[in-house]
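Novice: Coordinates in start.csv, CSV, C-alpha atoms and all ligand atoms, are listed below.
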chain,number,residue,atom,x,y,z
A,2,MET,CA,0.0,0.0,0.0
A,3,ALA,CA,1.2,3.5,-0.7
A,4,SER,CA,0.3,7.1,-1.1
A,5,LEU,CA,0.0,8.5,-4.6
A,6,THR,CA,0.9,12.0,-5.8
A,7,CYS,CA,0.1,13.7,-9.1
A,8,GLU,CA,2.4,16.7,-9.5
A,9,ARG,CA,1.0,19.2,-12.0
A,10,LEU,CA,0.1,16.3,-14.3
A,11,SER,CA,-0.9,17.3,-17.8
A,12,LYS,CA,-2.0,15.4,-20.8
A,13,SER,CA,-2.5,16.9,-24.3
A,14,TYR,CA,-3.6,15.3,-27.5
A,15,GLY,CA,-2.1,17.6,-30.1
A,16,ALA,CA,-3.2,21.1,-29.2
A,17,PHE,CA,-6.1,19.8,-27.1
A,18,ARG,CA,-5.3,19.8,-23.3
A,19,ALA,CA,-7.4,16.9,-21.8
A,20,VAL,CA,-5.8,17.2,-18.3
A,21,LYS,CA,-4.4,20.5,-17.0
A,22,GLU,CA,-1.8,20.5,-14.2
A,23,LEU,CA,-3.7,18.1,-12.0
A,24,GLN,CA,-2.4,18.3,-8.4
A,25,LEU,CA,-3.5,15.4,-6.2
A,26,ASP,CA,-1.9,14.2,-2.9
A,27,ILE,CA,-3.6,11.0,-2.0
A,28,PRO,CA,-2.6,9.5,1.4
A,29,ASP,CA,-2.1,5.8,1.9
A,30,GLY,CA,-5.4,4.0,2.3
A,31,GLU,CA,-7.6,6.8,1.0
A,32,PHE,CA,-10.6,6.2,-1.3
A,33,LEU,CA,-10.5,9.1,-3.7
A,34,VAL,CA,-13.3,9.7,-6.2
A,35,ILE,CA,-12.6,11.7,-9.4
A,36,VAL,CA,-15.9,13.0,-10.6
A,37,GLY,CA,-17.0,15.3,-13.4
A,38,PRO,CA,-19.1,15.5,-16.5
A,39,SER,CA,-18.5,13.6,-19.7
A,40,GLY,CA,-15.3,14.6,-21.4
A,41,CYS,CA,-13.8,16.4,-18.4
A,42,GLY,CA,-10.7,14.3,-18.5
A,43,LYS,CA,-11.2,11.9,-15.6
A,44,SER,CA,-10.6,8.7,-17.6
A,45,THR,CA,-7.5,10.3,-19.2
A,46,ALA,CA,-6.2,11.2,-15.7
A,47,LEU,CA,-6.7,7.7,-14.5
A,48,ARG,CA,-5.1,6.2,-17.6
A,49,CYS,CA,-2.1,8.4,-17.1
A,50,ILE,CA,-1.8,7.2,-13.5
A,51,ALA,CA,-2.1,3.6,-14.8
A,52,GLY,CA,0.6,4.2,-17.4
A,53,LEU,CA,-1.8,3.5,-20.3
A,54,GLU,CA,-1.2,7.0,-21.5
A,55,THR,CA,2.1,8.9,-21.5
A,56,VAL,CA,2.1,12.1,-19.5
A,57,THR,CA,2.8,15.3,-21.4
A,58,SER,CA,4.2,17.1,-18.4
A,59,GLY,CA,4.3,16.8,-14.6
A,60,ARG,CA,5.2,13.9,-12.3
A,61,LEU,CA,3.6,10.9,-10.8
A,62,LEU,CA,4.7,9.3,-7.5
A,63,ILE,CA,3.6,6.1,-5.9
A,64,GLY,CA,4.9,6.3,-2.3
A,65,GLU,CA,8.4,7.7,-2.8
A,66,ASP,CA,8.9,6.2,-6.3
A,67,ASP,CA,8.7,8.4,-9.4
A,68,VAL,CA,6.8,6.2,-11.8
A,69,THR,CA,6.1,8.9,-14.4
A,70,THR,CA,7.7,6.8,-17.2
A,71,THR,CA,7.5,3.4,-15.6
A,72,ALA,CA,5.9,0.6,-17.6
A,73,PRO,CA,2.3,-0.1,-16.4
A,74,ARG,CA,3.2,-3.6,-15.3
A,75,ASN,CA,5.9,-2.3,-13.0
A,76,ARG,CA,3.8,0.3,-11.2
A,77,ASP,CA,2.2,-2.2,-8.9
A,78,ILE,CA,-1.3,-1.0,-9.5
A,79,ALA,CA,-4.5,-2.9,-10.5
A,80,MET,CA,-7.2,-1.4,-12.7
A,81,VAL,CA,-10.9,-2.3,-12.9
A,82,PHE,CA,-12.7,-1.2,-16.0
A,83,GLN,CA,-16.3,-0.6,-16.8
A,84,SER,CA,-16.2,-3.4,-19.3
A,85,TYR,CA,-14.7,-5.8,-16.7
A,86,ALA,CA,-12.2,-7.0,-19.4
A,87,LEU,CA,-12.5,-10.7,-18.3
A,88,TYR,CA,-11.0,-13.5,-20.5
A,89,PRO,CA,-14.1,-15.1,-22.0
A,90,HIS,CA,-12.4,-18.5,-22.7
A,91,MET,CA,-11.2,-18.9,-19.1
A,92,ASP,CA,-13.3,-19.8,-16.1
A,93,VAL,CA,-13.5,-17.6,-13.0
A,94,ARG,CA,-10.6,-19.4,-11.2
A,95,GLN,CA,-8.3,-19.0,-14.3
A,96,ASN,CA,-9.3,-15.4,-14.7
A,97,LEU,CA,-8.4,-14.7,-11.0
A,98,ALA,CA,-5.2,-16.6,-11.3
A,99,PHE,CA,-4.0,-15.1,-14.6
A,100,GLY,CA,-2.1,-12.1,-13.2
A,101,LEU,CA,-0.4,-14.1,-10.5
A,102,ARG,CA,0.6,-16.9,-12.8
A,103,HIS,CA,2.1,-14.3,-15.1
A,104,GLN,CA,4.2,-13.0,-12.1
A,105,GLY,CA,5.4,-16.5,-11.5
A,106,VAL,CA,3.7,-16.9,-8.1
A,107,PRO,CA,3.8,-20.6,-7.0
A,108,LYS,CA,0.6,-22.6,-7.5
A,109,ASN,CA,-0.1,-23.3,-3.8
A,110,GLN,CA,0.1,-19.6,-3.1
A,111,ILE,CA,-2.2,-18.8,-6.0
A,112,ASP,CA,-4.7,-21.3,-4.8
A,113,ALA,CA,-4.7,-19.9,-1.3
A,114,LYS,CA,-5.2,-16.3,-2.6
A,115,ILE,CA,-8.1,-17.4,-4.8
A,116,THR,CA,-9.8,-19.1,-1.9
A,117,GLU,CA,-9.4,-16.0,0.2
A,118,VAL,CA,-10.7,-13.6,-2.5
A,119,ALA,CA,-13.5,-15.9,-3.4
A,120,ARG,CA,-14.6,-15.9,0.3
A,121,ILE,CA,-14.4,-12.0,0.5
A,122,LEU,CA,-16.4,-11.6,-2.8
A,123,GLU,CA,-18.7,-14.6,-2.4
A,124,LEU,CA,-17.5,-16.2,-5.6
A,125,GLY,CA,-16.8,-19.7,-4.1
A,126,SER,CA,-19.6,-21.4,-6.0
A,127,MET,CA,-18.7,-19.8,-9.3
A,128,LEU,CA,-15.1,-20.6,-9.7
A,129,ASP,CA,-15.6,-23.2,-12.5
A,130,ARG,CA,-17.9,-21.0,-14.6
A,131,ARG,CA,-17.0,-18.9,-17.7
A,132,PRO,CA,-17.8,-15.2,-17.7
A,133,ARG,CA,-20.8,-15.7,-20.1
A,134,GLU,CA,-22.4,-17.9,-17.4
A,135,LEU,CA,-22.4,-15.1,-14.9
A,136,SER,CA,-24.7,-12.1,-14.3
A,137,GLY,CA,-23.3,-8.6,-14.7
A,138,GLY,CA,-22.9,-8.1,-11.0
A,139,GLN,CA,-21.0,-11.4,-10.7
A,140,ARG,CA,-18.7,-10.5,-13.6
A,141,GLN,CA,-18.0,-7.2,-11.9
A,142,ARG,CA,-17.0,-9.1,-8.7
A,143,VAL,CA,-14.7,-11.3,-10.7
A,144,ALA,CA,-13.1,-8.2,-12.2
A,145,LEU,CA,-12.6,-6.8,-8.7
A,146,GLY,CA,-11.3,-10.1,-7.5
A,147,ARG,CA,-8.7,-10.1,-10.2
A,148,ALA,CA,-7.5,-6.8,-8.9
A,149,ILE,CA,-7.6,-7.8,-5.3
A,150,VAL,CA,-5.6,-11.1,-5.6
A,151,ARG,CA,-2.6,-9.1,-6.9
A,152,GLN,CA,-2.5,-7.1,-3.7
A,153,PRO,CA,-1.3,-4.0,-5.5
A,154,ARG,CA,-0.2,-0.8,-3.9
A,155,VAL,CA,-3.1,1.1,-5.6
A,156,PHE,CA,-6.5,0.2,-7.1
A,157,LEU,CA,-7.7,2.3,-10.1
A,158,MET,CA,-11.4,1.9,-11.0
A,159,ASP,CA,-13.0,3.5,-14.0
A,160,GLU,CA,-16.8,3.5,-13.7
A,161,PRO,CA,-16.8,-0.1,-12.5
A,162,LEU,CA,-20.5,-0.1,-11.6
A,163,SER,CA,-22.0,1.6,-14.7
A,164,ASN,CA,-23.1,-1.6,-16.4
A,165,LEU,CA,-25.1,-2.7,-13.4
A,166,ASP,CA,-28.8,-2.0,-13.0
A,167,ALA,CA,-29.8,0.7,-10.5
A,168,LYS,CA,-30.6,-1.6,-7.5
A,169,LEU,CA,-27.5,-3.7,-7.9
A,170,ARG,CA,-25.4,-0.5,-8.4
A,171,VAL,CA,-26.5,0.8,-5.0
A,172,GLN,CA,-25.8,-2.5,-3.3
A,173,THR,CA,-22.4,-3.0,-4.9
A,174,ARG,CA,-21.5,0.6,-4.1
A,175,ALA,CA,-21.9,-0.2,-0.4
A,176,GLU,CA,-20.0,-3.5,-0.8
A,177,LEU,CA,-17.1,-1.8,-2.5
A,178,VAL,CA,-16.8,0.8,0.2
A,179,ALA,CA,-16.8,-1.9,2.9
A,180,LEU,CA,-14.2,-4.0,0.9
A,181,GLN,CA,-11.9,-1.0,0.5
A,182,ASN,CA,-12.2,-0.3,4.3
A,183,GLU,CA,-11.3,-3.9,5.0
A,184,LEU,CA,-8.3,-4.0,2.6
A,185,GLY,CA,-7.2,-0.5,3.3
A,186,THR,CA,-5.7,-0.2,-0.2
A,187,THR,CA,-5.3,3.3,-1.7
A,188,THR,CA,-8.1,3.6,-4.3
A,189,ILE,CA,-8.8,6.1,-7.1
A,190,TYR,CA,-12.3,5.7,-8.5
A,191,VAL,CA,-13.6,7.5,-11.5
A,192,THR,CA,-17.3,8.2,-12.0
A,193,HIS,CA,-19.6,10.8,-13.7
A,194,ASP,CA,-22.2,10.1,-11.0
A,195,GLN,CA,-22.2,12.7,-8.2
A,196,VAL,CA,-24.2,10.5,-5.9
A,197,GLU,CA,-21.6,7.7,-6.2
A,198,ALA,CA,-18.9,10.3,-5.5
A,199,MET,CA,-20.7,11.7,-2.4
A,200,THR,CA,-21.5,8.3,-0.9
A,201,MET,CA,-18.2,6.5,-1.7
A,202,GLY,CA,-15.3,8.9,-1.4
A,203,HIS,CA,-13.3,9.8,1.6
A,204,ARG,CA,-12.5,12.8,-0.5
A,205,ILE,CA,-13.7,13.9,-3.9
A,206,ALA,CA,-11.8,15.6,-6.8
A,207,ILE,CA,-14.1,17.5,-9.1
A,208,LEU,CA,-12.9,18.0,-12.6
A,209,ASP,CA,-14.3,20.2,-15.3
A,210,ALA,CA,-12.7,20.8,-18.7
A,211,GLY,CA,-9.5,19.1,-17.6
A,212,LYS,CA,-9.1,21.3,-14.5
A,213,LEU,CA,-9.4,20.4,-10.9
A,214,GLN,CA,-12.2,22.5,-9.5
A,215,GLN,CA,-12.2,21.4,-5.9
A,216,LEU,CA,-10.7,18.6,-3.7
A,217,GLY,CA,-12.3,17.9,-0.4
A,218,THR,CA,-14.5,15.7,1.7
A,219,PRO,CA,-18.1,15.2,0.6
A,220,GLN,CA,-19.2,17.5,3.4
A,221,GLU,CA,-16.7,20.2,2.6
A,222,ILE,CA,-17.8,20.2,-1.0
A,223,TYR,CA,-21.5,20.3,-0.1
A,224,ASP,CA,-21.0,23.0,2.6
A,225,LYS,CA,-18.5,25.2,0.8
A,226,PRO,CA,-18.4,24.7,-3.0
A,227,ALA,CA,-15.4,26.4,-4.5
A,228,ASN,CA,-17.4,27.8,-7.4
A,229,ARG,CA,-20.7,27.9,-9.3
A,230,PHE,CA,-19.7,24.8,-11.3
A,231,VAL,CA,-19.2,22.7,-8.2
A,232,ALA,CA,-22.4,24.0,-6.5
A,233,THR,CA,-24.5,23.1,-9.5
A,234,PHE,CA,-22.8,19.7,-10.2
A,235,ILE,CA,-23.1,18.4,-6.7
A,236,GLY,CA,-26.6,17.9,-5.2
A,237,SER,CA,-29.7,16.5,-6.7
A,238,PRO,CA,-31.7,18.4,-7.9
A,239,ALA,CA,-29.2,21.0,-8.7
A,240,THR,CA,-28.6,24.2,-6.8
A,241,ASN,CA,-30.9,27.0,-8.0
A,242,VAL,CA,-28.8,29.9,-9.4
A,243,LEU,CA,-30.2,33.4,-9.7
A,244,ARG,CA,-28.4,36.3,-11.3
A,245,VAL,CA,-29.3,39.3,-9.1
A,246,ARG,CA,-28.2,42.8,-8.3
A,247,ALA,CA,-27.8,43.5,-4.6
A,248,GLU,CA,-28.4,46.9,-3.1
A,249,ARG,CA,-29.5,48.5,0.2
A,250,SER,CA,-33.2,49.5,0.4
A,251,ASN,CA,-34.7,51.1,3.6
A,252,GLY,CA,-31.9,49.7,5.8
A,253,ARG,CA,-32.3,46.2,4.4
A,254,MET,CA,-30.2,44.4,1.9
A,255,VAL,CA,-32.2,43.1,-1.1
A,256,ALA,CA,-31.1,41.2,-4.2
A,257,ARG,CA,-33.2,41.6,-7.3
A,258,GLN,CA,-33.8,40.4,-10.8
A,259,PRO,CA,-36.8,41.4,-12.8
A,260,GLY,CA,-39.8,39.7,-11.2
A,261,ILE,CA,-37.9,38.4,-8.1
A,262,GLU,CA,-36.8,39.9,-4.9
A,263,LEU,CA,-34.7,38.3,-2.1
A,264,ASP,CA,-34.9,40.1,1.2
A,265,PHE,CA,-31.8,39.5,3.2
A,266,GLY,CA,-33.1,41.5,6.1
A,267,ALA,CA,-31.3,44.0,8.4
A,268,SER,CA,-28.4,41.6,9.2
A,269,PRO,CA,-27.2,40.2,5.9
A,270,PRO,CA,-24.4,37.6,5.6
A,271,PRO,CA,-20.9,39.1,5.7
A,272,TRP,CA,-20.2,38.8,1.9
A,273,LEU,CA,-23.3,40.9,1.2
A,274,ALA,CA,-22.9,43.3,4.1
A,275,GLU,CA,-19.4,44.1,2.8
A,276,GLY,CA,-20.3,44.0,-0.8
A,277,GLY,CA,-23.6,45.1,-2.3
A,278,ASP,CA,-24.3,47.4,-5.3
A,279,ARG,CA,-23.1,44.8,-7.7
A,280,ASP,CA,-24.2,41.6,-9.5
A,281,TYR,CA,-24.0,38.1,-8.0
A,282,ASP,CA,-25.0,34.7,-9.0
A,283,ILE,CA,-26.9,33.5,-5.9
A,284,GLY,CA,-27.0,29.7,-5.2
A,285,ILE,CA,-29.8,28.3,-3.2
A,286,ARG,CA,-30.0,24.6,-2.6
A,287,PRO,CA,-33.5,23.1,-3.1
A,288,GLU,CA,-33.5,22.0,0.5
A,289,GLN,CA,-32.9,25.6,1.6
A,290,LEU,CA,-35.8,27.1,-0.3
A,291,PHE,CA,-38.9,26.8,1.8
A,292,VAL,CA,-42.6,26.8,0.8
A,293,GLY,CA,-44.8,28.7,3.3
A,294,GLY,CA,-43.9,28.7,7.0
A,295,GLU,CA,-42.0,31.3,9.0
A,296,ALA,CA,-38.4,30.1,8.7
A,297,GLY,CA,-36.0,32.3,6.7
A,298,GLU,CA,-36.5,35.5,4.8
A,299,PRO,CA,-39.0,36.2,2.0
A,300,LEU,CA,-38.3,35.5,-1.6
A,301,THR,CA,-41.1,37.3,-3.5
A,302,GLY,CA,-42.1,37.9,-7.0
A,303,ASP,CA,-44.1,36.8,-9.9
A,304,ILE,CA,-43.4,33.1,-9.2
A,305,ARG,CA,-45.8,30.2,-9.9
A,306,VAL,CA,-45.6,26.4,-9.7
A,307,SER,CA,-44.9,24.9,-13.1
A,308,LEU,CA,-44.7,21.2,-12.2
A,309,VAL,CA,-45.0,18.9,-9.1
A,310,GLU,CA,-43.1,15.6,-9.3
A,311,PRO,CA,-44.0,13.0,-6.7
A,312,LEU,CA,-40.9,11.0,-5.4
A,313,GLY,CA,-42.7,8.9,-2.7
A,314,PRO,CA,-41.8,10.4,0.7
A,315,GLU,CA,-41.4,13.9,-0.8
A,316,LYS,CA,-42.1,15.8,-4.0
A,317,LEU,CA,-40.2,18.1,-6.2
A,318,VAL,CA,-41.8,21.4,-6.8
A,319,HIS,CA,-40.7,23.4,-9.9
A,320,PHE,CA,-41.3,27.2,-10.1
A,321,VAL,CA,-41.0,29.6,-13.0
A,322,THR,CA,-41.1,33.4,-13.2
A,323,GLN,CA,-42.4,35.4,-16.1
A,324,GLY,CA,-38.8,36.3,-16.9
A,325,GLY,CA,-38.1,32.5,-17.3
A,326,GLN,CA,-36.1,32.0,-14.1
A,327,THR,CA,-36.7,28.5,-12.8
A,328,LEU,CA,-36.4,27.3,-9.2
A,329,VAL,CA,-36.9,23.9,-7.6
A,330,THR,CA,-37.5,22.8,-4.0
A,331,LYS,CA,-38.5,19.6,-2.2
A,332,VAL,CA,-41.6,19.4,0.1
A,333,PRO,CA,-43.1,16.6,2.1
A,334,THR,CA,-45.6,14.6,0.1
A,335,ALA,CA,-48.5,15.8,2.4
A,336,THR,CA,-47.9,19.4,1.5
A,337,PRO,CA,-50.9,20.6,-0.6
A,338,ILE,CA,-49.4,22.2,-3.7
A,339,ALA,CA,-50.3,22.0,-7.5
A,340,ALA,CA,-49.2,23.5,-10.8
A,341,GLY,CA,-50.4,27.1,-11.1
A,342,ASP,CA,-50.2,27.9,-7.3
A,343,ARG,CA,-48.3,31.0,-6.1
A,344,PRO,CA,-47.2,30.0,-2.6
A,345,ASN,CA,-45.1,32.2,-0.3
A,346,LEU,CA,-41.4,31.3,-0.6
A,347,ARG,CA,-38.7,31.8,2.0
A,348,PHE,CA,-34.9,31.1,2.0
A,349,ASP,CA,-32.2,30.9,4.6
A,350,PRO,CA,-29.8,33.9,4.0
A,351,ALA,CA,-27.0,32.2,6.0
A,352,ALA,CA,-27.1,29.1,3.8
A,353,VAL,CA,-27.0,30.7,0.3
A,354,HIS,CA,-23.8,31.0,-1.7
A,355,ALA,CA,-22.8,34.0,-3.8
A,356,PHE,CA,-20.7,33.5,-6.9
A,357,ASP,CA,-18.9,36.0,-9.0
A,358,PRO,CA,-21.0,36.2,-12.3
A,359,ASN,CA,-17.8,36.3,-14.4
A,360,THR,CA,-15.4,33.9,-12.8
A,361,GLY,CA,-17.9,31.7,-10.9
A,362,ALA,CA,-15.7,31.9,-7.8
A,363,ASN,CA,-17.6,31.5,-4.4
A,364,LEU,CA,-17.5,34.9,-2.7
A,365,SER,CA,-19.5,33.8,0.4
B,401,LIG,P1,-16.5,10.1,-20.0
B,401,LIG,O1,-17.2,10.2,-18.7
B,401,LIG,O2,-17.4,10.5,-21.2
B,401,LIG,O3,-15.8,8.9,-20.2
B,401,LIG,P2,-14.1,11.5,-19.3
B,401,LIG,O4,-14.2,12.6,-18.3
B,401,LIG,O5,-13.5,10.2,-18.8
B,401,LIG,O6,-15.5,11.3,-20.1
B,401,LIG,P3,-11.9,11.5,-21.1
B,401,LIG,O7,-12.1,10.1,-21.7
B,401,LIG,O8,-10.8,11.6,-20.1
B,401,LIG,O9,-13.2,12.1,-20.5
B,401,LIG,O10,-11.6,12.5,-22.3
B,401,LIG,C1,-11.3,13.8,-22.1
B,401,LIG,C2,-11.2,14.6,-23.4
B,401,LIG,O11,-10.0,14.1,-24.1
B,401,LIG,C3,-12.4,14.4,-24.3
B,401,LIG,O12,-12.7,15.6,-24.9
B,401,LIG,C4,-11.9,13.4,-25.3
B,401,LIG,O13,-12.5,13.6,-26.5
B,401,LIG,C5,-10.4,13.7,-25.4
B,401,LIG,N1,-9.6,12.5,-25.7
B,401,LIG,C6,-9.6,11.3,-25.0
B,401,LIG,N2,-8.7,10.5,-25.6
B,401,LIG,C7,-8.3,11.0,-26.7
B,401,LIG,C8,-7.4,10.6,-27.7
B,401,LIG,N3,-6.8,9.4,-27.7
B,401,LIG,N4,-7.1,11.5,-28.7
B,401,LIG,C9,-7.7,12.7,-28.7
B,401,LIG,N5,-8.5,13.2,-27.8
B,401,LIG,C10,-8.8,12.3,-26.8
Just give me the structure of the file as structure tokens.
Specialist:
Amino acid sequence: MASLTCERLSKSYGAFRAVKELQLDIPDGEFLVIVGPSGCGKSTALRCIAGLETVTSGRLLIGEDDVTTTAPRNRDIAMVFQSYALYPHMDVRQNLAFGLRHQGVPKNQIDAKITEVARILELGSMLDRRPRELSGGQRQRVALGRAIVRQPRVFLMDEPLSNLDAKLRVQTRAELVALQNELGTTTIYVTHDQVEAMTMGHRIAILDAGKLQQLGTPQEIYDKPANRFVATFIGSPATNVLRVRAERSNGRMVARQPGIELDFGASPPPWLAEGGDRDYDIGIRPEQLFVGGEAGEPLTGDIRVSLVEPLGPEKLVHFVTQGGQTLVTKVPTATPIAAGDRPNLRFDPAAVHAFDPNTGANLS
């Protein structure tokens, strides 16, 4: 096991920069999730770490060893792919043994390791089957098993759950976290799914357009998104963003756009008290926008319910203004509300974020 460091790692394809000066310090035993939208460079970053791509600039360290130009097989890492990449003509036992046999590990040691991994992953009854005789979830466990038997210093996983159906994905997600805890092997896990990132990672690295946007624990990222991109990427449904102008009015700070007014009251949050008289992109999470009630400050305007979506225990309520601004919130299922309603809305001034409209940086 080992720590892993990316030092300003960059990867270009011709003039196109897929990964831009990625800086990651991953301590021994950490489960780090790299997340971002399609094309943001997360698979490229992982493939550079694996040695499947050459690095354009920067350094890669595993523990103290500089492995920037080391051949993939000598990096002592194991990778699990979305496609599983099992050998179809080999049974499960042979698939699990393949890497070890290649390394010249004695047969009795291979057998012992396979027995142990089959126990951990509950594959004992399937060792004589070929991949095509297994379900997707079972194949995925074999692919994991093949990585585990090698006892590498680092696991790299590229969307390993994306071929599983929704229920199995949630179950396997939890199993994978428990397994990583048990093994304690440093793991880098790539996904485009922010829920997977939030539930699995000790820390999360959020990438957009090849650049690291934020690195932090799930809670840090939720509580203090570095910028507008992170705030809208993390959380479901996404954070509401309103372009507003903030100004003082009768001793109270208000933020307005045509058709909407947010009243921050007489004691506004510090970023607004010190700022004001300028434009902001205000971010309000759906769970911090309240329908009716007395909590928070008023958000008023020409706002009507456009759609109510039942989710079981709660429902999503979508609003729209005449100017076309949309907002979304969650309410308990019992709350009486329907399309066309114009309920009172309130928000929590202390919980909103303010972003610079040009750079997107979090000012709050
Ligand atoms: P996805 O979630 O869709 O797999 P990703 O974040 O993993 O996306 P990458 O596969 O890392 O994205 O690709 C990042 C960017 O680099 C994309 O714009 C892609 O088109 C480009 N790219 C990847 N591989 C190559 C290549 N071999 N040659 C040229 N461009 C490439």
Novice: Show me which residues are within 6 Å of ligand LIG 401 (chain B) counting only C-alpha atoms and all ligand atoms, and format the list as a VMD selection string.
Specialist: chain A and resid 14 19 38 to 45 193
Novice: Please indicate the distance in Å from CA of Pro299 in chain A to CA of Asn228 in chain A, rounded to one decimal place.
Specialist: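 Spanning CA of Pro299 in chain A to CA of Asn228 in chain A is a straight-line distance of 25.0 Å.
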Novice: Within 8 Å of (-15.6, -7.4, -14.4) (coordinates as in the file), grab all the protein and nucleic acid residues, counting only C-alpha atoms, and write them out as a list in words.
Specialist: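 Residues with an atom at most 8 Å from (-15.6, -7.4, -14.4): Val81, Phe82, Gln83, Ser84, Tyr85, Ala86, Leu87, Gly137, Gln139, Arg140, Gln141, Arg142, Val143, Ala144, Leu145 and Pro161 of chain A.
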Novice: Between A:Gln195, A:Thr70, A:Ser11, A:Asn363, which has the minimum distance to Ala46 in chain A (counting only C-alpha atoms)?
Specialist: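 Going through A:Gln195, A:Thr70, A:Ser11, A:Asn363 one by one, the smallest distance to Ala46 in chain A is for A:Ser11.
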Novice: With a cut-off of 12 Å, could you pull out the residues of range 114-229 of chain A touching range 21-35 of chain A and give me the nearest pair of atoms for each, distance in Å to one decimal, using all atoms listed in the file, ordered by chain and ascending number, as JSON lines?
Specialist:
{"residue": "A:Pro153", "atom": "CA", "partner": "A:Gly30", "partner_atom": "CA", "distance": 11.9}
{"residue": "A:Arg154", "atom": "CA", "partner": "A:Asp29", "partner_atom": "CA", "distance": 9.0}
{"residue": "A:Val155", "atom": "CA", "partner": "A:Gly30", "partner_atom": "CA", "distance": 8.7}
{"residue": "A:Phe156", "atom": "CA", "partner": "A:Phe32", "partner_atom": "CA", "distance": 9.3}
{"residue": "A:Leu157", "atom": "CA", "partner": "A:Leu33", "partner_atom": "CA", "distance": 9.7}
{"residue": "A:Met158", "atom": "CA", "partner": "A:Val34", "partner_atom": "CA", "distance": 9.4}
{"residue": "A:Asp159", "atom": "CA", "partner": "A:Ile35", "partner_atom": "CA", "distance": 9.4}
{"residue": "A:Glu160", "atom": "CA", "partner": "A:Ile35", "partner_atom": "CA", "distance": 10.2}
{"residue": "A:Leu177", "atom": "CA", "partner": "A:Phe32", "partner_atom": "CA", "distance": 10.4}
{"residue": "A:Val178", "atom": "CA", "partner": "A:Phe32", "partner_atom": "CA", "distance": 8.4}
{"residue": "A:Ala179", "atom": "CA", "partner": "A:Phe32", "partner_atom": "CA", "distance": 11.0}
{"residue": "A:Leu180", "atom": "CA", "partner": "A:Phe32", "partner_atom": "CA", "distance": 11.0}
{"residue": "A:Gln181", "atom": "CA", "partner": "A:Phe32", "partner_atom": "CA", "distance": 7.5}
{"residue": "A:Asn182", "atom": "CA", "partner": "A:Gly30", "partner_atom": "CA", "distance": 8.3}
{"residue": "A:Glu183", "atom": "CA", "partner": "A:Gly30", "partner_atom": "CA", "distance": 10.2}
{"residue": "A:Leu184", "atom": "CA", "partner": "A:Gly30", "partner_atom": "CA", "distance": 8.5}
{"residue": "A:Gly185", "atom": "CA", "partner": "A:Gly30", "partner_atom": "CA", "distance": 4.9}
{"residue": "A:Thr186", "atom": "CA", "partner": "A:Gly30", "partner_atom": "CA", "distance": 4.9}
{"residue": "A:Thr187", "atom": "CA", "partner": "A:Gly30", "partner_atom": "CA", "distance": 4.1}
{"residue": "A:Thr188", "atom": "CA", "partner": "A:Phe32", "partner_atom": "CA", "distance": 4.7}
{"residue": "A:Ile189", "atom": "CA", "partner": "A:Leu33", "partner_atom": "CA", "distance": 4.8}
{"residue": "A:Tyr190", "atom": "CA", "partner": "A:Val34", "partner_atom": "CA", "distance": 4.7}
{"residue": "A:Val191", "atom": "CA", "partner": "A:Ile35", "partner_atom": "CA", "distance": 4.8}
{"residue": "A:Thr192", "atom": "CA", "partner": "A:Ile35", "partner_atom": "CA", "distance": 6.4}
{"residue": "A:His193", "atom": "CA", "partner": "A:Ile35", "partner_atom": "CA", "distance": 8.3}
{"residue": "A:Asp194", "atom": "CA", "partner": "A:Ile35", "partner_atom": "CA", "distance": 9.9}
{"residue": "A:Gln195", "atom": "CA", "partner": "A:Val34", "partner_atom": "CA", "distance": 9.6}
{"residue": "A:Val196", "atom": "CA", "partner": "A:Val34", "partner_atom": "CA", "distance": 10.9}
{"residue": "A:Glu197", "atom": "CA", "partner": "A:Val34", "partner_atom": "CA", "distance": 8.5}
{"residue": "A:Ala198", "atom": "CA", "partner": "A:Val34", "partner_atom": "CA", "distance": 5.7}
{"residue": "A:Met199", "atom": "CA", "partner": "A:Val34", "partner_atom": "CA", "distance": 8.6}
{"residue": "A:Thr200", "atom": "CA", "partner": "A:Val34", "partner_atom": "CA", "distance": 9.9}
{"residue": "A:Met201", "atom": "CA", "partner": "A:Val34", "partner_atom": "CA", "distance": 7.4}
{"residue": "A:Gly202", "atom": "CA", "partner": "A:Val34", "partner_atom": "CA", "distance": 5.3}
{"residue": "A:His203", "atom": "CA", "partner": "A:Phe32", "partner_atom": "CA", "distance": 5.4}
{"residue": "A:Arg204", "atom": "CA", "partner": "A:Leu33", "partner_atom": "CA", "distance": 5.3}
{"residue": "A:Ile205", "atom": "CA", "partner": "A:Val34", "partner_atom": "CA", "distance": 4.8}
{"residue": "A:Ala206", "atom": "CA", "partner": "A:Ile35", "partner_atom": "CA", "distance": 4.8}
{"residue": "A:Ile207", "atom": "CA", "partner": "A:Ile35", "partner_atom": "CA", "distance": 6.0}
{"residue": "A:Leu208", "atom": "CA", "partner": "A:Ile35", "partner_atom": "CA", "distance": 7.1}
{"residue": "A:Asp209", "atom": "CA", "partner": "A:Lys21", "partner_atom": "CA", "distance": 10.0}
{"residue": "A:Ala210", "atom": "CA", "partner": "A:Lys21", "partner_atom": "CA", "distance": 8.5}
{"residue": "A:Gly211", "atom": "CA", "partner": "A:Lys21", "partner_atom": "CA", "distance": 5.3}
{"residue": "A:Lys212", "atom": "CA", "partner": "A:Lys21", "partner_atom": "CA", "distance": 5.4}
{"residue": "A:Leu213", "atom": "CA", "partner": "A:Leu23", "partner_atom": "CA", "distance": 6.2}
{"residue": "A:Gln214", "atom": "CA", "partner": "A:Leu23", "partner_atom": "CA", "distance": 9.9}
{"residue": "A:Gln215", "atom": "CA", "partner": "A:Ile35", "partner_atom": "CA", "distance": 10.3}
{"residue": "A:Leu216", "atom": "CA", "partner": "A:Leu25", "partner_atom": "CA", "distance": 8.3}
{"residue": "A:Gly217", "atom": "CA", "partner": "A:Leu33", "partner_atom": "CA", "distance": 9.6}
{"residue": "A:Thr218", "atom": "CA", "partner": "A:Leu33", "partner_atom": "CA", "distance": 9.4}
{"residue": "A:Pro219", "atom": "CA", "partner": "A:Val34", "partner_atom": "CA", "distance": 10.0}
